[in-house]
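Asker: Below is model_3.tsv; it holds TSV, C-alpha atoms and all ligand atoms.
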chain	number	residue	atom	x	y	z
U	1	PRO	CA	-69.25	13.06	-10.18
U	2	GLN	CA	-69.32	16.85	-9.90
U	3	LEU	CA	-68.19	16.64	-6.29
U	4	ALA	CA	-65.40	14.29	-7.28
U	5	ASN	CA	-64.39	16.80	-9.93
U	6	GLN	CA	-64.34	19.62	-7.43
U	7	ILE	CA	-62.24	17.58	-5.03
U	8	ALA	CA	-59.84	16.73	-7.84
U	9	ALA	CA	-59.83	20.41	-8.75
U	10	GLY	CA	-58.33	21.07	-5.34
U	11	GLU	CA	-55.25	19.24	-6.51
U	12	VAL	CA	-54.74	20.79	-9.92
U	13	VAL	CA	-56.60	24.09	-9.79
U	14	GLU	CA	-55.18	26.20	-7.04
U	15	ARG	CA	-55.27	29.56	-8.79
U	16	PRO	CA	-55.46	31.09	-12.28
U	17	ALA	CA	-51.81	30.25	-12.93
U	18	SER	CA	-52.42	26.53	-12.37
U	19	ILE	CA	-55.29	26.61	-14.87
U	20	ILE	CA	-53.05	28.30	-17.41
U	21	LYS	CA	-50.34	25.72	-16.85
U	22	GLU	CA	-52.75	22.87	-17.58
U	23	LEU	CA	-54.28	24.55	-20.63
U	24	VAL	CA	-50.99	25.52	-22.18
U	25	GLU	CA	-49.64	22.01	-21.59
U	26	ASN	CA	-52.64	20.74	-23.53
U	27	SER	CA	-51.78	23.10	-26.38
U	28	ILE	CA	-48.19	21.87	-26.41
U	29	ASP	CA	-49.37	18.25	-26.38
U	30	ALA	CA	-51.60	19.12	-29.35
U	31	GLY	CA	-48.54	20.17	-31.31
U	32	ALA	CA	-49.31	23.89	-31.33
U	33	THR	CA	-46.66	26.26	-32.68
U	34	ARG	CA	-48.62	29.27	-31.59
U	35	ILE	CA	-50.33	29.92	-28.27
U	36	ASP	CA	-52.10	33.15	-27.40
U	37	ILE	CA	-53.06	33.74	-23.80
U	38	ASP	CA	-55.52	36.42	-22.84
U	39	ILE	CA	-56.34	37.16	-19.24
U	40	GLU	CA	-58.40	39.69	-17.32
U	41	GLN	CA	-58.01	40.68	-13.69
U	42	GLY	CA	-55.07	38.42	-13.06
U	43	GLY	CA	-56.99	35.57	-14.69
U	44	CYS	CA	-59.71	35.62	-12.02
U	45	LYS	CA	-62.26	37.11	-14.40
U	46	LEU	CA	-61.15	35.53	-17.66
U	47	ILE	CA	-58.59	33.17	-19.10
U	48	ARG	CA	-58.66	32.52	-22.82
U	49	ILE	CA	-56.12	30.30	-24.51
U	50	ARG	CA	-56.06	29.84	-28.23
U	51	ASP	CA	-53.76	27.44	-30.06
U	52	ASN	CA	-53.16	26.18	-33.57
U	53	GLY	CA	-52.71	22.55	-32.55
U	54	CYS	CA	-54.44	19.44	-33.88
U	55	GLY	CA	-57.84	20.39	-32.45
U	56	ILE	CA	-60.50	18.16	-30.93
U	57	ALA	CA	-62.94	16.30	-33.16
U	58	LYS	CA	-66.63	17.13	-32.79
U	59	ASP	CA	-67.49	13.73	-31.24
U	60	GLU	CA	-64.75	14.13	-28.70
U	61	LEU	CA	-65.53	17.59	-27.43
U	62	SER	CA	-67.86	16.51	-24.63
U	63	LEU	CA	-65.60	13.63	-23.76
U	64	ALA	CA	-62.65	15.99	-23.34
U	65	LEU	CA	-64.51	17.55	-20.41
U	66	ALA	CA	-65.25	14.22	-18.75
U	67	ARG	CA	-63.17	13.07	-15.83
U	68	HIS	CA	-60.41	10.60	-16.57
U	69	ALA	CA	-60.90	11.01	-20.28
U	70	THR	CA	-57.55	11.34	-21.94
U	71	SER	CA	-56.57	10.68	-25.51
U	72	LYS	CA	-52.91	10.50	-24.54
U	73	ILE	CA	-52.59	7.06	-23.01
U	74	HIS	CA	-54.51	3.97	-23.96
U	75	CYS	CA	-53.21	1.23	-21.70
U	76	LEU	CA	-51.05	0.58	-18.68
U	77	ASP	CA	-48.00	0.14	-20.86
U	78	ASP	CA	-48.39	3.71	-22.06
U	79	LEU	CA	-48.29	4.88	-18.46
U	80	GLU	CA	-44.84	3.34	-18.20
U	81	ALA	CA	-43.47	5.62	-20.87
U	82	ILE	CA	-45.18	8.98	-20.94
U	83	MET	CA	-44.22	11.28	-23.77
U	84	SER	CA	-46.89	13.94	-23.29
U	85	LEU	CA	-47.23	16.56	-20.57
U	86	GLY	CA	-50.78	15.46	-19.75
U	87	PHE	CA	-52.00	11.92	-19.15
U	88	ARG	CA	-54.41	12.03	-16.20
U	89	GLY	CA	-57.45	13.32	-18.08
U	90	GLU	CA	-58.34	15.50	-15.13
U	91	ALA	CA	-57.59	19.09	-15.98
U	92	LEU	CA	-60.56	20.07	-18.14
U	93	ALA	CA	-63.05	18.24	-15.89
U	94	SER	CA	-61.57	19.88	-12.81
U	95	ILE	CA	-61.41	23.37	-14.28
U	96	SER	CA	-64.95	23.19	-15.63
U	97	SER	CA	-66.24	22.12	-12.22
U	98	VAL	CA	-65.14	25.42	-10.68
U	99	SER	CA	-65.71	27.88	-13.53
U	100	ARG	CA	-67.74	28.58	-16.66
U	101	LEU	CA	-65.82	26.89	-19.42
U	102	THR	CA	-66.24	27.04	-23.17
U	103	LEU	CA	-64.29	24.76	-25.45
U	104	THR	CA	-64.17	25.56	-29.15
U	105	SER	CA	-62.18	23.57	-31.64
U	106	LYS	CA	-61.66	22.52	-35.20
U	107	THR	CA	-59.57	19.69	-36.57
U	108	GLN	CA	-57.94	19.79	-39.96
U	109	SER	CA	-60.39	17.35	-41.53
U	110	GLN	CA	-63.49	19.21	-40.36
U	111	SER	CA	-64.94	21.99	-42.44
U	112	GLU	CA	-66.27	23.89	-39.44
U	113	GLY	CA	-65.55	24.32	-35.76
U	114	TRP	CA	-67.63	23.13	-32.81
U	115	GLN	CA	-68.21	24.31	-29.30
U	116	VAL	CA	-69.27	22.93	-25.92
U	117	TYR	CA	-70.06	24.84	-22.79
U	118	ALA	CA	-69.88	23.67	-19.20
U	119	GLU	CA	-70.87	25.55	-16.11
U	120	GLY	CA	-70.15	24.11	-12.68
U	121	ARG	CA	-72.72	21.42	-12.04
U	122	ASP	CA	-74.63	21.49	-15.26
U	123	MET	CA	-72.60	20.48	-18.16
U	124	SER	CA	-74.59	21.11	-21.24
U	125	ALA	CA	-73.77	18.32	-23.60
U	126	VAL	CA	-74.96	20.50	-26.43
U	127	VAL	CA	-72.41	20.74	-29.15
U	128	LYS	CA	-73.02	23.63	-31.46
U	129	PRO	CA	-71.23	24.94	-34.53
U	130	ALA	CA	-68.82	27.83	-34.06
U	131	ALA	CA	-66.39	29.58	-36.35
U	132	HIS	CA	-62.82	28.65	-35.52
U	133	PRO	CA	-59.59	28.10	-37.45
U	134	GLN	CA	-57.73	24.81	-36.94
U	135	GLY	CA	-56.86	24.48	-33.27
U	136	THR	CA	-58.54	25.00	-29.96
U	137	THR	CA	-59.72	27.86	-27.79
U	138	VAL	CA	-60.53	27.34	-24.14
U	139	GLU	CA	-62.26	30.15	-22.34
U	140	VAL	CA	-62.54	30.05	-18.56
U	141	LEU	CA	-64.71	32.62	-16.83
U	142	ASP	CA	-65.22	33.42	-13.16
U	143	ILE	CA	-62.92	30.99	-11.42
U	144	PHE	CA	-64.34	29.58	-8.19
U	145	TYR	CA	-67.65	31.39	-8.70
U	146	ASN	CA	-69.35	28.36	-7.14
U	147	THR	CA	-66.78	27.68	-4.42
U	148	PRO	CA	-66.61	30.92	-2.40
U	149	ALA	CA	-64.26	29.46	0.20
U	150	ARG	CA	-61.65	28.93	-2.49
U	151	ARG	CA	-62.35	32.23	-4.18
U	152	ARG	CA	-61.36	33.98	-0.97
U	153	PHE	CA	-57.90	32.51	-1.28
U	154	LEU	CA	-57.25	34.34	-4.50
U	155	LYS	CA	-54.74	37.14	-4.02
U	156	THR	CA	-54.51	40.57	-5.61
U	157	GLU	CA	-54.55	40.93	-9.37
U	158	LYS	CA	-50.85	41.76	-9.26
U	159	THR	CA	-49.94	38.63	-7.32
U	160	GLU	CA	-52.04	36.35	-9.50
U	161	PHE	CA	-50.48	37.96	-12.56
U	162	SER	CA	-46.97	37.33	-11.32
U	163	HIS	CA	-47.76	33.63	-10.82
U	164	ILE	CA	-49.11	33.49	-14.36
U	165	ASP	CA	-46.08	35.31	-15.70
U	166	GLU	CA	-43.86	32.68	-14.08
U	167	VAL	CA	-45.87	29.76	-15.46
U	168	VAL	CA	-45.69	31.22	-18.96
U	169	ARG	CA	-41.95	31.86	-18.60
U	170	ARG	CA	-41.37	28.21	-17.64
U	171	ILE	CA	-43.25	26.98	-20.65
U	172	ALA	CA	-41.53	29.45	-22.95
U	173	LEU	CA	-38.17	28.09	-21.77
U	174	ALA	CA	-39.27	24.51	-22.30
U	175	CYS	CA	-40.66	25.11	-25.79
U	176	PRO	CA	-38.52	27.60	-27.71
U	177	HIS	CA	-40.14	26.64	-31.02
U	178	VAL	CA	-43.57	27.81	-29.94
U	179	ASN	CA	-44.66	31.40	-30.34
U	180	ILE	CA	-46.30	32.54	-27.12
U	181	THR	CA	-48.10	35.78	-26.36
U	182	LEU	CA	-49.65	36.98	-23.13
U	183	GLN	CA	-52.18	39.77	-22.94
U	184	HIS	CA	-53.47	41.22	-19.66
U	185	ASN	CA	-56.58	43.43	-19.48
U	186	GLY	CA	-56.40	44.01	-23.22
U	187	LYS	CA	-52.72	44.99	-23.25
U	188	PRO	CA	-49.96	42.84	-24.77
U	189	VAL	CA	-47.49	42.17	-21.95
U	190	ARG	CA	-45.30	39.30	-23.18
U	191	LEU	CA	-44.19	38.09	-26.56
U	192	TYR	CA	-41.92	35.08	-26.78
U	193	ARG	CA	-41.06	34.74	-30.43
U	194	ALA	CA	-40.59	31.24	-31.78
U	195	VAL	CA	-36.98	30.31	-32.39
U	196	GLN	CA	-36.40	29.44	-36.05
U	197	ALA	CA	-32.77	28.36	-35.82
U	198	ASP	CA	-30.77	26.91	-32.93
U	199	ALA	CA	-28.57	29.98	-32.90
U	200	GLN	CA	-31.53	32.05	-31.73
U	201	ILE	CA	-32.19	29.92	-28.67
U	202	GLU	CA	-29.84	31.89	-26.46
U	203	LYS	CA	-31.62	35.06	-27.42
U	204	ARG	CA	-34.92	33.63	-26.30
U	205	VAL	CA	-33.42	32.34	-23.04
U	206	ALA	CA	-31.94	35.79	-22.44
U	207	SER	CA	-35.30	37.43	-23.11
U	208	ILE	CA	-36.86	35.18	-20.48
U	209	CYS	CA	-34.10	34.94	-17.86
U	210	GLY	CA	-32.48	38.32	-18.34
U	211	MET	CA	-29.34	39.48	-20.12
U	212	SER	CA	-27.27	39.27	-16.96
U	213	PHE	CA	-28.05	35.57	-16.61
U	214	MET	CA	-26.99	34.89	-20.17
U	215	LYS	CA	-23.84	36.98	-19.87
U	216	ASN	CA	-22.66	34.91	-16.89
U	217	ALA	CA	-23.87	31.62	-18.23
U	218	MET	CA	-21.74	28.78	-19.47
U	219	SER	CA	-23.37	26.26	-21.68
U	220	LEU	CA	-23.69	22.64	-20.87
U	221	SER	CA	-24.15	19.85	-23.32
U	222	TRP	CA	-23.46	16.17	-22.97
U	223	GLN	CA	-24.83	12.87	-24.02
U	224	HIS	CA	-24.26	9.30	-22.96
U	225	ASP	CA	-26.29	6.31	-24.05
U	226	ASP	CA	-29.94	7.23	-23.53
U	227	LEU	CA	-29.19	10.26	-21.39
U	228	SER	CA	-28.67	13.73	-22.73
U	229	ILE	CA	-28.39	17.08	-21.06
U	230	HIS	CA	-28.12	20.62	-22.32
U	231	GLY	CA	-28.63	24.09	-20.96
U	232	TRP	CA	-26.88	26.91	-19.16
U	233	ILE	CA	-25.52	27.48	-15.69
U	234	ALA	CA	-24.50	30.79	-14.23
U	235	PRO	CA	-22.47	30.58	-11.00
U	236	HIS	CA	-23.33	34.04	-9.80
U	237	ALA	CA	-26.65	34.99	-11.20
U	238	LYS	CA	-27.27	38.27	-9.44
U	239	GLN	CA	-30.86	38.86	-10.31
U	240	GLU	CA	-33.85	36.97	-8.99
U	241	HIS	CA	-33.75	33.19	-9.09
U	242	VAL	CA	-33.24	31.57	-12.43
U	243	GLN	CA	-33.51	27.93	-11.49
U	244	TYR	CA	-35.26	25.75	-14.03
U	245	PHE	CA	-34.79	22.04	-14.43
U	246	TYR	CA	-36.70	20.10	-17.07
U	247	VAL	CA	-36.97	16.37	-17.51
U	248	ASN	CA	-38.29	15.35	-20.92
U	249	GLY	CA	-39.74	18.83	-21.34
U	250	ARG	CA	-41.50	18.86	-17.98
U	251	ILE	CA	-40.39	21.27	-15.27
U	252	VAL	CA	-39.54	19.39	-12.11
U	253	LYS	CA	-38.54	20.04	-8.57
U	254	ASP	CA	-36.47	17.08	-7.67
U	255	ARG	CA	-34.23	16.48	-4.69
U	256	LEU	CA	-31.95	14.09	-6.46
U	257	LEU	CA	-31.30	16.53	-9.30
U	258	ASN	CA	-30.86	19.45	-6.91
U	259	HIS	CA	-28.38	17.45	-4.93
U	260	ALA	CA	-26.36	16.55	-8.01
U	261	LEU	CA	-26.30	20.19	-9.12
U	262	LYS	CA	-25.36	21.54	-5.74
U	263	GLN	CA	-22.64	19.02	-5.18
U	264	ALA	CA	-21.15	19.58	-8.62
U	265	PHE	CA	-21.19	23.30	-8.05
U	266	LEU	CA	-19.68	23.27	-4.59
U	267	GLU	CA	-16.93	20.81	-5.54
U	268	ASN	CA	-15.97	22.32	-8.87
U	269	ASN	CA	-15.92	26.06	-8.58
U	270	SER	CA	-12.56	27.73	-8.92
U	271	GLY	CA	-10.95	26.41	-5.77
U	272	GLY	CA	-14.07	26.79	-3.66
U	273	THR	CA	-14.77	30.49	-4.06
U	274	TYR	CA	-18.45	29.82	-3.64
U	275	THR	CA	-19.56	28.14	-0.49
U	276	THR	CA	-23.25	28.35	-1.19
U	277	ASP	CA	-25.31	27.36	-4.17
U	278	GLU	CA	-27.96	29.97	-3.56
U	279	LEU	CA	-26.76	32.17	-6.36
U	280	LEU	CA	-26.46	29.37	-8.84
U	281	GLY	CA	-28.65	30.12	-11.82
U	282	TYR	CA	-29.55	27.41	-14.29
U	283	VAL	CA	-31.75	26.35	-17.14
U	284	ILE	CA	-31.19	22.65	-17.68
U	285	HIS	CA	-32.93	20.17	-19.92
U	286	LEU	CA	-32.41	16.51	-19.17
U	287	ASN	CA	-33.76	13.99	-21.63
U	288	LEU	CA	-33.96	10.27	-21.17
U	289	ASP	CA	-35.90	7.22	-22.22
U	290	PRO	CA	-39.43	7.77	-20.85
U	291	HIS	CA	-39.40	4.18	-19.57
U	292	GLN	CA	-36.69	5.27	-17.16
U	293	VAL	CA	-38.72	7.90	-15.38
U	294	ASP	CA	-42.05	7.83	-13.58
U	295	VAL	CA	-43.93	11.11	-13.82
U	296	ASN	CA	-47.15	9.83	-12.30
U	297	VAL	CA	-46.14	10.66	-8.74
U	298	HIS	CA	-48.38	13.62	-7.95
U	299	PRO	CA	-51.43	15.21	-9.66
U	300	ALA	CA	-49.56	18.46	-10.29
U	301	LYS	CA	-46.89	16.38	-12.07
U	302	HIS	CA	-43.93	18.32	-10.63
U	303	GLU	CA	-42.29	15.28	-9.14
U	304	VAL	CA	-40.55	12.45	-10.90
U	305	ARG	CA	-38.88	9.18	-9.93
U	306	PHE	CA	-35.96	7.80	-11.80
U	307	HIS	CA	-35.61	4.06	-12.11
U	308	GLU	CA	-31.85	4.36	-12.07
U	309	ALA	CA	-31.47	7.22	-9.68
U	310	ARG	CA	-27.74	6.82	-9.03
U	311	LEU	CA	-26.94	6.79	-12.72
U	312	VAL	CA	-28.96	9.95	-13.38
U	313	HIS	CA	-27.45	11.69	-10.39
U	314	ASP	CA	-23.90	10.95	-11.48
U	315	PHE	CA	-24.62	11.91	-15.06
U	316	VAL	CA	-25.94	15.32	-14.03
U	317	TYR	CA	-23.09	15.77	-11.58
U	318	GLN	CA	-20.49	15.05	-14.22
U	319	ALA	CA	-22.06	17.21	-16.89
U	320	VAL	CA	-22.21	20.19	-14.56
U	321	ALA	CA	-18.75	19.55	-13.15
U	322	MET	CA	-17.34	19.38	-16.65
U	323	ALA	CA	-18.95	22.64	-17.70
U	324	LEU	CA	-17.61	24.37	-14.59
U	325	THR	CA	-14.05	23.08	-14.88
U	326	GLU	CA	-13.83	23.80	-18.59
U	327	HIS	CA	-14.88	27.31	-17.80
U	328	HIS	CA	-12.13	27.80	-15.26
U	329	GLN	CA	-9.33	26.59	-17.49
G	401	LIG	P1	-54.96	15.18	-20.30
G	401	LIG	O1	-54.17	16.35	-20.80
G	401	LIG	O2	-54.37	14.60	-19.06
G	401	LIG	O3	-55.23	14.15	-21.36
G	401	LIG	P2	-57.11	17.11	-20.00
G	401	LIG	O4	-58.31	17.12	-19.11
G	401	LIG	O5	-56.11	18.20	-19.84
G	401	LIG	O6	-56.41	15.70	-19.82
G	401	LIG	O7	-57.62	17.09	-21.50
G	401	LIG	C1	-58.52	16.06	-21.91
G	401	LIG	C2	-58.37	15.74	-23.38
G	401	LIG	O8	-58.86	16.84	-24.16
G	401	LIG	C3	-56.94	15.53	-23.85
G	401	LIG	O9	-56.52	14.19	-23.66
G	401	LIG	C4	-57.03	15.93	-25.33
G	401	LIG	O10	-57.48	14.84	-26.09
G	401	LIG	C5	-58.12	16.98	-25.35
G	401	LIG	N1	-57.56	18.36	-25.37
G	401	LIG	C6	-57.55	19.25	-24.36
G	401	LIG	N2	-57.01	20.42	-24.73
G	401	LIG	C7	-56.66	20.29	-26.03
G	401	LIG	C8	-56.06	21.18	-26.99
G	401	LIG	N3	-55.69	22.44	-26.68
G	401	LIG	N4	-55.87	20.69	-28.25
G	401	LIG	C9	-56.24	19.42	-28.58
G	401	LIG	N5	-56.80	18.56	-27.70
G	401	LIG	C10	-57.03	18.97	-26.45
G	402	MG	MG	-53.96	18.15	-19.84
Kindly transcribe the structure held in the file into structure tokens.
Ligand code: ADP
Ligand code: MG

Answerer:
Amino acid sequence: PQLANQIAAGEVVERPASIIKELVENSIDAGATRIDIDIEQGGCKLIRIRDNGCGIAKDELSLALARHATSKIHCLDDLEAIMSLGFRGEALASISSVSRLTLTSKTQSQSEGWQVYAEGRDMSAVVKPAAHPQGTTVEVLDIFYNTPARRRFLKTEKTEFSHIDEVVRRIALACPHVNITLQHNGKPVRLYRAVQADAQIEKRVASICGMSFMKNAMSLSWQHDDLSIHGWIAPHAKQEHVQYFYVNGRIVKDRLLNHALKQAFLENNSGGTYTTDELLGYVIHLNLDPHQVDVNVHPAKHEVRFHEARLVHDFVYQAVAMALTEHHQ
């Protein structure tokens, strides 16, 4: 099974940033309102993620590390309508197969916390008591220490950090109500303060995407039947790419959605001033009935399939077109 875990790890654990993505998604799924991320040496030496979510019960700690163990879906029907970010039960097993992983957690009903440790091949099933407030801490040391070929693919500390920074930014945009901090080599480097009121959301988006994005941005908001969309588009975002599309809280790269955006932009900008969509900046959240979208397309969960693709395409097209034309009037 360890080999299977390491093979699976090839799909979800490419670099420190992919580990952080999986762990933070778990914290979000656990209902955390506070997530603190600590890394050393671009995450290659250490990744520690602490949350104040629901925690993992003592009896479930070892299970959480087992392959294909997920508490998020229980039957095939659940797979048809996924509400959580995780559902494959693969991340912790994969990560622990290529690192030294410690999982510490406490649920609300327990009076003390518990800890399990796993190191590459030998997973010690020993669960021991450990002080911890409600929530979970996952500590990952020495990524790829047992798979040297993969370790060689790690880039400089600076490069790995910039991947991590991007992953954290994406999650901060998706979850404005969660307080997120990032610390690198003992120094606080990012603080995304939780938004208390809707009016503060733009401030948080600006702090993530830059003031110049927000200054140029027009907001977008529309709803029809089970489909709703909101966010911001900026026709000439000058700074680096701000292009984030979320479907039910999950960041996606999707050809259908890109096409709808691009077409709406090219056909609805003030008489065709823009002939390219390269400078189009956007942060868009699309929400729909989870039965209408399949997220189980790829292990990294970046791809989605819509059951009614045409309908979704046209909805996004119209919402963007409307925002652009209103702006030009
Ligand atoms: P998945 O997220 O696909 O279910 P994971 O391997 O990422 O699989 O996690 C396995 C299980 O461990 C989850 O289903 C969840 O029950 C538990 N878990 C992991 N991280 C946390 C966390 N931060 N808080 C609470 N439960 C967690
Ligand atoms: Mg997960």

Asker: Extract, using all atoms listed in the file, all DNA, RNA and protein residues at most 8 Å from segment 160-177 of chain U, discarding same-chain residues fewer than 2 positions from it, and format them as number ranges by chain.

Answerer: U: 15-18, 20-21, 33, 42-43, 154-158, 179-180, 192, 194-196, 201, 204-205, 208, 244, 246, 249-251

Asker: So that I can see what lies close to Asn248 of chain U, please list as a VMD selection string the residues with an atom at most 8 Å from it, counting all atoms listed in the file and leaving out residues fewer than 3 positions away in the same chain.

Answerer: chain U and resid 83 285 to 288 290

Asker: Write out, as a tab-separated table (two decimals), in the frame of the given file, the residues just selected, with C-alpha atoms.

Answerer:
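Saved to selection.tsv:
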chain	number	residue	atom	x	y	z
U	83	MET	CA	-44.22	11.28	-23.77
U	285	HIS	CA	-32.93	20.17	-19.92
U	286	LEU	CA	-32.41	16.51	-19.17
U	287	ASN	CA	-33.76	13.99	-21.63
U	288	LEU	CA	-33.96	10.27	-21.17
U	290	PRO	CA	-39.43	7.77	-20.85

Asker: Find the residues of chain U that sit at most 10 Å from ligand MG 402 (chain G); for each, write down the nearest two atoms and how far apart they are in Å, to one decimal. Count all atoms listed in the file. Sort by chain, then by number going up, and give it as CSV.

Answerer:
residue,atom,partner,partner_atom,distance
U:Ile19,CA,G:MG402,MG,9.9
U:Lys21,CA,G:MG402,MG,8.9
U:Glu22,CA,G:MG402,MG,5.4
U:Leu23,CA,G:MG402,MG,6.5
U:Val24,CA,G:MG402,MG,8.3
U:Glu25,CA,G:MG402,MG,6.1
U:Asn26,CA,G:MG402,MG,4.7
U:Ser27,CA,G:MG402,MG,8.5
U:Ile28,CA,G:MG402,MG,9.5
U:Asp29,CA,G:MG402,MG,8.0
U:Ala30,CA,G:MG402,MG,9.8
U:Ala64,CA,G:MG402,MG,9.6
U:Ala69,CA,G:MG402,MG,10.0
U:Thr70,CA,G:MG402,MG,8.0
U:Ser71,CA,G:MG402,MG,9.7
U:Lys72,CA,G:MG402,MG,9.0
U:Ser84,CA,G:MG402,MG,8.9
U:Leu85,CA,G:MG402,MG,7.0
U:Gly86,CA,G:MG402,MG,4.2
U:Phe87,CA,G:MG402,MG,6.6
U:Arg88,CA,G:MG402,MG,7.1
U:Gly89,CA,G:MG402,MG,6.2
U:Glu90,CA,G:MG402,MG,7.0
U:Ala91,CA,G:MG402,MG,5.4
U:Leu92,CA,G:MG402,MG,7.1
U:Ala93,CA,G:MG402,MG,9.9

Asker: Export, as a compact mmCIF listing (two decimals), in the frame of the given file, the selected residues with C-alpha atoms.

Answerer:
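To be explicit, this is the file written out as part.txt:
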# COMPACT_ATOMS: atom_id res chain seq x y z
CA ILE U 19 -55.29 26.61 -14.87
CA LYS U 21 -50.34 25.72 -16.85
CA GLU U 22 -52.75 22.87 -17.58
CA LEU U 23 -54.28 24.55 -20.63
CA VAL U 24 -50.99 25.52 -22.18
CA GLU U 25 -49.64 22.01 -21.59
CA ASN U 26 -52.64 20.74 -23.53
CA SER U 27 -51.78 23.10 -26.38
CA ILE U 28 -48.19 21.87 -26.41
CA ASP U 29 -49.37 18.25 -26.38
CA ALA U 30 -51.60 19.12 -29.35
CA ALA U 64 -62.65 15.99 -23.34
CA ALA U 69 -60.90 11.01 -20.28
CA THR U 70 -57.55 11.34 -21.94
CA SER U 71 -56.57 10.68 -25.51
CA LYS U 72 -52.91 10.50 -24.54
CA SER U 84 -46.89 13.94 -23.29
CA LEU U 85 -47.23 16.56 -20.57
CA GLY U 86 -50.78 15.46 -19.75
CA PHE U 87 -52.00 11.92 -19.15
CA ARG U 88 -54.41 12.03 -16.20
CA GLY U 89 -57.45 13.32 -18.08
CA GLU U 90 -58.34 15.50 -15.13
CA ALA U 91 -57.59 19.09 -15.98
CA LEU U 92 -60.56 20.07 -18.14
CA ALA U 93 -63.05 18.24 -15.89

Asker: Pick the closest to Ser212 of chain U from U:His241, U:Leu182, U:Thr325, U:His307: which is it, counting all atoms listed in the file?

Answerer: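 Of U:His241, U:Leu182, U:Thr325, U:His307, the one nearest Ser212 of chain U is U:His241, counting all atoms listed in the file.
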
Asker: Have a look at atom CA of Asn185 of chain U and atom CA of Ile39 of chain U and let me know their distance in Å, one decimal.

Answerer: 6.3 Å

Asker: Please indicate the distance in Å from atom CA of Arg150 of chain U to atom CA of Glu14 of chain U, rounded to one decimal place.

Answerer: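 These atoms are spaced 8.4 Å apart.
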
Asker: One number please: atom CA of Asp78 of chain U to atom CA of Val295 of chain U, in Å, one decimal.

Answerer: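 Between these atoms lies a distance of 11.9 Å.
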
Asker: Under the rule that all atoms listed in the file are counted, which of U:Ala264, U:Ile73, U:Arg48, U:Leu3 is the nearest residue to ligand LIG 401 (chain G)?

Answerer: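 Under the stated criterion, the closest residue is U:Ile73.
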
Asker: Determine the axis-aligned bounding box of all atoms of segment 255-270 of chain U present in the file, pad each side by 6 Å, and express its centre and edge lengths in Å to one decimal place as JSON.

Answerer:
{"center_x": -23.4, "center_y": 20.9, "center_z": -6.9, "size_x": 33.7, "size_y": 25.6, "size_z": 16.7}

Asker: When distances are computed from all atoms listed in the file, which of U:Ile47, U:Met214, U:Leu257, U:Ile56 shows the smallest separation from His313 of chain U?

Answerer: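 With all atoms listed in the file as the atom set, the closest residue is U:Leu257.
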
Asker: Which one is closest to ligand LIG 401 (chain G): U:Gly113, U:Pro148, U:Gly53, U:Pro129? Count all atoms listed in the file.

Answerer: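 So, comparing all the options, the nearest one is U:Gly53.
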
Asker: Given only C-alpha atoms and all ligand atoms as the basis, pick out the residue of U:Lys203, U:Arg151, U:His74, U:Arg190 nearest to ligand LIG 401 (chain G).

Answerer: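 Closest to ligand LIG 401 (chain G) of all the choices is U:His74.
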
Asker: My list of candidates is U:Ile82, U:Ala319, U:Val126, U:Ala57. Which is closest to Val293 of chain U when distances are computed with all atoms listed in the file?

Answerer: U:Ile82

Asker: Would you kindly return, as number ranges by chain, each protein, DNA or RNA residue with an atom no farther than 12 Å from any atom of Met218 of chain U, considering only C-alpha atoms and excluding same-chain residues fewer than 4 positions away?

Answerer: U: 202, 213-214, 230-237, 280-284, 319-328

Asker: Just need segment 168-177 of chain U in a file, please: N, CA and C atoms, as an mmCIF file, in the first residue's frame.

Answerer:
data_model
loop_
_atom_site.group_PDB
_atom_site.id
_atom_site.type_symbol
_atom_site.label_atom_id
_atom_site.label_comp_id
_atom_site.auth_asym_id
_atom_site.auth_seq_id
_atom_site.Cartn_x
_atom_site.Cartn_y
_atom_site.Cartn_z
ATOM 1 N N VAL U 168 -1.988 30.277 -1.426
ATOM 2 C CA VAL U 168 -2.637 30.906 -0.277
ATOM 3 C C VAL U 168 -3.534 32.065 -0.748
ATOM 4 N N ARG U 169 -3.057 32.797 -1.720
ATOM 5 C CA ARG U 169 -3.838 33.904 -2.286
ATOM 6 C C ARG U 169 -5.174 33.381 -2.857
ATOM 7 N N ARG U 170 -5.104 32.275 -3.590
ATOM 8 C CA ARG U 170 -6.313 31.708 -4.190
ATOM 9 C C ARG U 170 -7.327 31.310 -3.132
ATOM 10 N N ILE U 171 -6.816 30.740 -2.053
ATOM 11 C CA ILE U 171 -7.730 30.308 -1.006
ATOM 12 C C ILE U 171 -8.278 31.506 -0.257
ATOM 13 N N ALA U 172 -7.436 32.513 -0.062
ATOM 14 C CA ALA U 172 -7.884 33.727 0.626
ATOM 15 C C ALA U 172 -8.993 34.420 -0.170
ATOM 16 N N LEU U 173 -8.909 34.361 -1.493
ATOM 17 C CA LEU U 173 -9.959 34.954 -2.332
ATOM 18 C C LEU U 173 -11.245 34.144 -2.249
ATOM 19 N N ALA U 174 -11.091 32.836 -2.160
ATOM 20 C CA ALA U 174 -12.271 31.964 -2.126
ATOM 21 C C ALA U 174 -12.996 32.054 -0.790
ATOM 22 N N CYS U 175 -12.255 32.307 0.283
ATOM 23 C CA CYS U 175 -12.830 32.237 1.627
ATOM 24 C C CYS U 175 -12.568 33.515 2.414
ATOM 25 N N PRO U 176 -13.263 34.588 2.074
ATOM 26 C CA PRO U 176 -12.996 35.868 2.731
ATOM 27 C C PRO U 176 -13.325 35.880 4.227
ATOM 28 N N HIS U 177 -14.101 34.901 4.683
ATOM 29 C CA HIS U 177 -14.488 34.910 6.096
ATOM 30 C C HIS U 177 -13.509 34.152 6.981
#
